[in-house]
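Structure first, then comments.
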Amino acid sequence: MHILKKAVIAITLAFPVAAMAQSAQDLKLELDAMKARIKQLEAMVESINTKSVAVAATEVDSQAEFNRMKIKTEAMEDQLEAGGFKGLKVSGYIDPTYIYNQRQDTGSVVFMKNFSDPNLAGDGTHPSQKTAYAYDNAFFGTALIRFEKEMEGGTKWLLELMPHKSYGDGGGYNLGSLVNQATVSIPVDGLNNRFLAGQFGSYPGYEYQLAAGPLSKKTITNNLLFDFTEPSFFTGFGYEHLEGKWDIKALVGNANNGRVTDRKSPSLHWRVDYSKGEFGGWGASGLHGKMSATTSVNYLEADTYFIRGDLTWQGQIEAGQTNNAAFNGGDAKWVGLSTLAAYKITPRLEGIARLDYIKNSANGGGVPSVVFGAGCSTADLANDPTGATAMDSSCGDYRNGFGPGIDNATGLVSDPNKGANRYALTFGLNYALTPNAMLKFELRRDGSSENTFYDVQSKTYKKDNLLFGASTVVSF
């Protein structure tokens with residue numbers, strides 16, 4: 001205010017001649033106008049000072065509120081850490097599924113039902129259908145909840161609970177188990193070297209087990225290799241090394257078992273992955289060791305992928321042998337391939353096609369996930385070269401289409417030394433209702449080089465089967 005008054009006096013003194021020339025009345029009017037202007041300026045300065053004081057008070061209040069929120073947040077973090085929730089992530093899904101199977105003459109919703117569920121269609125039931133695991137009742141129609149926790153220092157802990165259709169439950173390895181995976185990953189000399197322990201889902205192939213999540217499969221059913229030739233899970237200890245684009249890991253322990261009491265020899269399961277670039281890469285894996293007291297397996301596979309924009313392509317080739325596990329008691333041998341292509345027709349709608357093939361004709365057939373039960377007959381050529389005399393024999397897996405074919409004219413196993421080669425062609429559509437809800441539709445045709453699909457209605461054996469599936473997958 002004093003500065004403004006001094007400015008007015010300076011202006012007045014700067015023009016003495018003009019001031020003297022004016023009349024006293026004019027000078028009075030000008031002085032009154034200047035006094036009014038000075039009052040306006042003083043009011044503006046006062047307003048600015050008042051606002052500055054208000055802003056300062058607001059800043060003080062904001063700082064106090066910030067301090068209160070900071071203390072409250074730190075207290076909540078302390079509570080989360082004390083309760084074990086810090087670094088914890090929970091996710092899961094359910095996928096009720098409808099399945100129609102032509103040869104079994106069944107069509108119903110599959111949900112929370114064990115793997116070992118034979119067709120109970122009255123007189124259509126056949127011993128060969130009482131398989132422990134089937135592609136029309138595999139890893140779908142279930143629910144999963146997943147707990148992940150990363151602790152200070154980089155240790156990672158994982159637990160997946162999956163009622164009725166967990167890895168452990170698959171094939172009757174640990175029937176009734178809820179545990180799908182339970183693992184720990186502990187850093188050793190930096191985050192790129194890790195000690196592994198627990199129950200792991202197996203590593204081979206391009207296709208994964210789950211219907212939702214980062215490692216989800218696109219189709220409802222699994223490919224033939226995933227279902228029948230690959231190991232399901234592995235329990236043991238291992239090591240993982242990350243180096244640039246490379247990921248190398250190996251496990252030593254039990255293949256498809258939580259505890260082994262009929263043998264001492266462990267198995268080795270390993271995998272190598274290379275991320276070639278932003279869109280593609282390749283991998284390879286193997287399993288070597290005991291599967292039971294009398295059988296051992298050697299398995300090798302290579303897989304690749306290319307994912308860019310709306311296009312996805314994946315592929316896999318493999319070969320394996322299990323001693324003393326074929327239909328005729330010899331070694332079971334197989335080679336196989338699978339390839340999948342998918343394209344997003346719209347941002348919500350995706351079309352999928354998959355082709356699978358397994359050559360399995362040696363020694364009457366046989367792959368790791370197939371068990372041959374009793375209840376069939378074959379010609380007793382050793383005692384009657386004419387083939388007119390029959391003797392009791394094991395059955396092929398006539399629900400999944402593996403093993404030797406059946407002669408429909410005689411009802412006998414055609415050739416116990418010749419197994420069926422299998423293929424499957426699958427078409428699917430996926431529609432995203434929301435970011436967390438997906439509708440899946442699938443039409444699948446399975447084929448065989450022999451009569452290895454038992455038809456419940458005609459009570460005869462066929463070379464093909466048709467399956468239709470529809471699933472709702474809701475995840476969080």
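In the structure tokens, chains take letters A, B, ... by order of appearance, with residues numbered from 1 within each chain and ligands from 1 in the order shown.
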Apply DSSP to the structure's backbone, then extract all residues of range 245-303 of chain A labelled strand (DSSP E) and return them as a ChimeraX atom specification.
/A:246-255,267-274,280-290,296-303
Between A:Gly373, A:Pro214, A:Pro231, A:Gly107, smallest distance to Phe476 in chain A by only C-alpha atoms belongs to A:Pro214
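Of the listed residues (A:Asn256, A:Gly198, A:Arg263, A:Tyr98), A:Gly198 comes nearest to Gly236 in chain A; the distances count only C-alpha atoms.
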Next on the checklist: Applying 10 Å and only C-alpha atoms, which residues near Gly153 in chain A remain after dropping the ones on its own chain fewer than 2 positions away? List them as a VMD selection string.
Outcome noted: chain A and resid 150 to 151 155 to 156 186 to 187 190 to 191
Keeping only N, CA and C atoms, write those residues as a short mmCIF file (atom, residue, chain, number, x, y, z; two decimals), in the first residue's frame.
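See part_31.cif below for the written result:
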```cif
data_model
loop_
_atom_site.label_atom_id
_atom_site.label_comp_id
_atom_site.auth_asym_id
_atom_site.auth_seq_id
_atom_site.Cartn_x
_atom_site.Cartn_y
_atom_site.Cartn_z
N GLU A 150 5.09 -64.38 -3.94
CA GLU A 150 6.51 -64.08 -4.11
C GLU A 150 7.00 -63.37 -2.87
N MET A 151 7.99 -63.94 -2.23
CA MET A 151 8.51 -63.42 -0.98
C MET A 151 9.73 -62.54 -1.23
N THR A 155 11.93 -65.68 -3.68
CA THR A 155 11.37 -67.03 -3.59
C THR A 155 9.90 -67.01 -4.01
N LYS A 156 9.52 -67.95 -4.88
CA LYS A 156 8.16 -68.05 -5.38
C LYS A 156 7.51 -69.35 -4.91
N ILE A 186 13.33 -71.25 -5.56
CA ILE A 186 14.18 -70.50 -4.63
C ILE A 186 15.42 -69.99 -5.38
N PRO A 187 15.68 -68.67 -5.34
CA PRO A 187 16.86 -68.14 -6.02
C PRO A 187 18.16 -68.68 -5.42
N GLY A 190 21.51 -65.29 -7.31
CA GLY A 190 20.82 -64.41 -8.24
C GLY A 190 19.50 -65.01 -8.71
N LEU A 191 18.67 -64.13 -9.30
CA LEU A 191 17.33 -64.56 -9.71
C LEU A 191 17.33 -65.45 -10.94
#
```
Contacts of Lys149 in chain A within 7 Å, only C-alpha atoms, excl. fewer than 5 positions in-chain, as a ChimeraX atom specification: /A:87-89,156-158
Could you write out that same residue set with N, CA, C and O atoms as a JSON list (two decimals), in the first residue's frame?
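Generated file (selection-v2.json):
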```json
[["chain", "number", "residue", "atom", "x", "y", "z"],
["A", 87, "GLY", "N", 2.37, -59.77, -1.39],
["A", 87, "GLY", "CA", 2.89, -60.53, -2.52],
["A", 87, "GLY", "C", 2.05, -61.72, -2.91],
["A", 87, "GLY", "O", 2.48, -62.55, -3.72],
["A", 88, "LEU", "N", 0.83, -61.84, -2.36],
["A", 88, "LEU", "CA", -0.04, -62.98, -2.64],
["A", 88, "LEU", "C", -1.01, -62.64, -3.77],
["A", 88, "LEU", "O", -1.63, -61.58, -3.77],
["A", 89, "LYS", "N", -1.14, -63.54, -4.72],
["A", 89, "LYS", "CA", -2.08, -63.40, -5.83],
["A", 89, "LYS", "C", -2.97, -64.63, -5.87],
["A", 89, "LYS", "O", -2.49, -65.76, -5.82],
["A", 156, "LYS", "N", 9.52, -67.95, -4.88],
["A", 156, "LYS", "CA", 8.16, -68.05, -5.38],
["A", 156, "LYS", "C", 7.51, -69.35, -4.91],
["A", 156, "LYS", "O", 8.15, -70.40, -4.93],
["A", 157, "TRP", "N", 6.26, -69.23, -4.51],
["A", 157, "TRP", "CA", 5.50, -70.37, -3.97],
["A", 157, "TRP", "C", 4.20, -70.48, -4.75],
["A", 157, "TRP", "O", 3.55, -69.47, -5.06],
["A", 158, "LEU", "N", 3.81, -71.70, -5.11],
["A", 158, "LEU", "CA", 2.62, -71.92, -5.93],
["A", 158, "LEU", "C", 1.83, -73.11, -5.39],
["A", 158, "LEU", "O", 2.40, -74.15, -5.08]]
```
Task: Test item: residues at most 10 Å from Pro416 in chain A, only C-alpha atoms, excluding those fewer than 4 positions along its chain, as number ranges by chain - done: A: 326-329, 362-365, 378-379, 393-396, 403-406, 412
A straight line from CA of Thr452 in chain A to CA of Gly387 in chain A spans 20.8 Å
Of A:Thr460, A:Asn465, A:Ser166, A:Thr229, the one sitting nearest Arg445 in chain A when using only C-alpha atoms is A:Asn465
**Prompt:** Can you list, as a list in words, every protein, DNA or RNA residue that comes within 10 Å of Ser177 in chain A when you count only C-alpha atoms, leaving out same-chain residues fewer than 5 positions away?
**Reply:** Leu161, Met162, Pro163, His164, Lys165, Ser166, Tyr167, Gly168, Asp169, Gly170 and Gly172 of chain A
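Relative to CA of Phe228 in chain A, CA of Thr322 in chain A is found at 12.6 Å.
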Give me, as an NGL selection string, all polymer residues having an atom no more than 9 Å from Leu443 in chain A, counting only C-alpha atoms and skipping those fewer than 2 positions away in the same chain.
:A and (425-428 or 441 or 445 or 466-469)
Take the residues that were just selected and, keeping N, CA, C and O atoms, output them as a CSV table (one decimal), in the first residue's frame.
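Once everything was written out, this is result-v4.csv:
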```
chain,number,residue,atom,x,y,z
A,425,LEU,N,-9.0,-84.8,-35.8
A,425,LEU,CA,-9.2,-83.5,-36.4
A,425,LEU,C,-10.2,-82.7,-35.7
A,425,LEU,O,-11.3,-83.1,-35.5
A,426,THR,N,-9.8,-81.5,-35.2
A,426,THR,CA,-10.6,-80.7,-34.3
A,426,THR,C,-10.9,-79.3,-34.9
A,426,THR,O,-9.9,-78.7,-35.3
A,427,PHE,N,-12.1,-78.8,-34.8
A,427,PHE,CA,-12.4,-77.5,-35.2
A,427,PHE,C,-13.1,-76.8,-34.0
A,427,PHE,O,-14.0,-77.4,-33.4
A,428,GLY,N,-12.8,-75.5,-33.8
A,428,GLY,CA,-13.3,-74.8,-32.6
A,428,GLY,C,-13.6,-73.4,-32.9
A,428,GLY,O,-13.0,-72.8,-33.8
A,441,PHE,N,-16.8,-73.7,-28.4
A,441,PHE,CA,-17.5,-74.7,-29.1
A,441,PHE,C,-16.5,-75.5,-29.9
A,441,PHE,O,-15.5,-75.0,-30.4
A,445,ARG,N,-13.4,-85.0,-34.8
A,445,ARG,CA,-13.5,-86.3,-35.4
A,445,ARG,C,-12.3,-87.1,-35.1
A,445,ARG,O,-11.2,-86.7,-35.5
A,466,LEU,N,-17.2,-89.4,-33.4
A,466,LEU,CA,-17.5,-88.0,-33.5
A,466,LEU,C,-17.9,-87.4,-32.1
A,466,LEU,O,-18.6,-88.0,-31.3
A,467,LEU,N,-17.3,-86.3,-31.8
A,467,LEU,CA,-17.5,-85.6,-30.5
A,467,LEU,C,-17.9,-84.2,-30.7
A,467,LEU,O,-17.3,-83.5,-31.5
A,468,PHE,N,-18.8,-83.7,-29.9
A,468,PHE,CA,-19.2,-82.2,-29.9
A,468,PHE,C,-19.1,-81.7,-28.5
A,468,PHE,O,-19.6,-82.4,-27.5
A,469,GLY,N,-18.5,-80.5,-28.3
A,469,GLY,CA,-18.4,-80.0,-27.0
A,469,GLY,C,-18.8,-78.5,-27.0
A,469,GLY,O,-18.6,-77.8,-28.0
```
One decimal place gives the CA of His288 in chain A-CA of Leu225 in chain A separation as 17.1 Å
Exercise. Write down as JSON, numbers by chain the residues belonging to range 70-275 of chain A that are assigned helix (DSSP H, G or I) by DSSP computed on the backbone.
Key: {"A": [70, 71, 72, 73, 74, 75, 76, 77, 78, 79, 80, 81, 82, 122, 123, 124, 127, 128, 129, 135, 136, 137, 170, 171, 172, 224, 225, 226, 227, 228]}
